[in-house]
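Report on the following structure.
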Amino acid sequence: MNNNGIHPSFDILNQLPGCWGCKDINSVFVYVNEEYSRIIGFNNPLDCIGLTDFDIPHLNPKYAHLFQQQDLQVMQSEKRLRILDIHPYADGYWRAHLFTKTAWRDKSNNIIGTIFSGIEFKDTSLLEIGHWLCRTNIIDKTEKNNPHFNKSKLKIFLNTRESEVLFLLLYGKKPQYIAKTLQLAVKTVENYVVRLREKFNANSKGELIEVALNAGFGSHIPESMLKTQQSIILKEY
């Protein structure tokens, strides 16, 4: 332990940028770094040890439960999750983070909890990685043979709902998931997909996704979604 009561291996994480932390198999915080403790309303990271997401004052219990479900998914599947989190934090500001959750293992390779790390999107240029996340998830290796592959200068204007539906569609979300996230009927979402296909002159949903990615629509979060609390799994790997 150092003078602050923090194990040296955790103290190293405190020097890294972004939000970091560990939870045990019951989703109890074992460690968080200073940046994460600050945005969730604690002046001292040590004050978070022994708490769960349900003990975070500003956090809606719905999302505390969802975070614990994600932890369980990571431990059971032994796969990492990449998650887009948009929430209001303790200081009253809304923030968008790209979090990664992975299984935490001991020296015997037994899973003893989860490790999470997050990067805040303070600048839309950071979301360029979204373009490549989408490609990794969805586009197959034959894309260069598609006549739409180079349509990167399309000027297509979308309304708020169309932007939201397209964003989630680009990350591989099904109409049922999109409907639940946006609080719409599944049929309404399907109608938006039809309208999007018409706007992008795409013959199928797959073609819509490819054309939209090449037009840059995978590189930003719709502004309306930055004020809508949500936690969306973008990728499992």
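Labeling convention for the structure tokens: chains A, B, ... as they appear, residues from 1 per chain, ligands from 1 in order of appearance.
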
Checklist entry - Could you pull the residues within 7 Å of range 29-41 of chain A, counting only C-alpha atoms, minus those fewer than 3 positions along the same chain, as a PyMOL selection string? => result chain A and resi 13-14+18-24+44-45+48-52+56+89-91

Dump as a PDB file, in the first residue's frame, selection limited to C-alpha atoms:
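Saved as part.pdb:
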ATOM      1  CA  LEU A  13      -3.944   3.154 -13.310  1.00  0.00           C
ATOM      2  CA  ASN A  14      -4.609   6.468 -11.609  1.00  0.00           C
ATOM      3  CA  GLY A  18      -9.823   8.514 -18.719  1.00  0.00           C
ATOM      4  CA  CYS A  19     -11.952   6.598 -16.242  1.00  0.00           C
ATOM      5  CA  TRP A  20     -10.731   3.304 -14.784  1.00  0.00           C
ATOM      6  CA  GLY A  21     -11.882   0.860 -12.164  1.00  0.00           C
ATOM      7  CA  CYS A  22     -12.410  -2.708 -11.011  1.00  0.00           C
ATOM      8  CA  LYS A  23     -15.389  -4.533  -9.526  1.00  0.00           C
ATOM      9  CA  ASP A  24     -15.550  -7.936  -7.866  1.00  0.00           C
ATOM     10  CA  ASN A  44     -11.744  10.497  -2.725  1.00  0.00           C
ATOM     11  CA  PRO A  45     -11.557   7.268  -4.800  1.00  0.00           C
ATOM     12  CA  CYS A  48     -16.105   4.240  -3.613  1.00  0.00           C
ATOM     13  CA  ILE A  49     -14.590   0.980  -2.368  1.00  0.00           C
ATOM     14  CA  GLY A  50     -17.255  -1.396  -1.141  1.00  0.00           C
ATOM     15  CA  LEU A  51     -20.078   0.413  -2.968  1.00  0.00           C
ATOM     16  CA  THR A  52     -22.121  -0.755  -5.937  1.00  0.00           C
ATOM     17  CA  ILE A  56     -24.031   6.196  -6.636  1.00  0.00           C
ATOM     18  CA  TYR A  89     -23.253  13.114 -13.835  1.00  0.00           C
ATOM     19  CA  ALA A  90     -22.891  14.409 -10.294  1.00  0.00           C
ATOM     20  CA  ASP A  91     -21.879  17.924 -11.386  1.00  0.00           C
TER      21      ASP A  91
END

Item to check | Distance of CA of Lys235 in chain A from CA of Asp106 in chain A, expressed in Å to one decimal place | outcome: 24.8 Å

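Picture a line from CA of His97 in chain A to CA of Phe121 in chain A; it runs 5.7 Å.
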
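The coordinates place CA of Pro175 in chain A at 6.6 Å from CA of Glu190 in chain A.
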
Checklist entry - as a list of chain:residue names, which residues of range 53-98 of chain A does DSSP assign to alpha helix (DSSP H)? => result A:Pro61, A:Lys62, A:Tyr63, A:Ala64, A:His65, A:Leu66, A:Phe67, A:Gln68, A:Gln69, A:Gln70, A:Asp71, A:Leu72, A:Gln73, A:Val74, A:Met75, A:Gln76, A:Ser77

Please produce a file of the residues just selected, as a compact mmCIF listing (two decimals), in the first residue's frame, where the atoms kept are C-alpha atoms.
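Writing done, so here's out19.txt:
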# COMPACT_ATOMS: atom_id res chain seq x y z
CA PRO A 61 -31.50 2.50 -10.45
CA LYS A 62 -32.52 1.34 -13.95
CA TYR A 63 -28.98 1.95 -15.16
CA ALA A 64 -27.37 0.60 -11.99
CA HIS A 65 -29.18 -2.67 -12.73
CA LEU A 66 -28.15 -2.49 -16.40
CA PHE A 67 -24.48 -1.95 -15.49
CA GLN A 68 -24.57 -5.03 -13.29
CA GLN A 69 -26.15 -7.04 -16.11
CA GLN A 70 -23.28 -5.94 -18.36
CA ASP A 71 -20.75 -7.01 -15.71
CA LEU A 72 -22.40 -10.42 -15.52
CA GLN A 73 -22.41 -10.75 -19.30
CA VAL A 74 -18.67 -10.05 -19.41
CA MET A 75 -17.90 -12.62 -16.72
CA GLN A 76 -20.15 -15.32 -18.17
CA SER A 77 -19.22 -14.87 -21.84

Checklist entry - If you count only C-alpha atoms, which residues fall within 10 Å of Glu162 in chain A, apart from same-chain ones fewer than 6 positions away, as a PyMOL selection string? => result chain A and resi 189+192-193+195-196+222

Next on the checklist: Just list as a ChimeraX atom specification whatever in range 20-196 of chain A DSSP marks as strand (DSSP E).
Outcome noted: /A:20-24,29-32,81-88,94-105,111-120
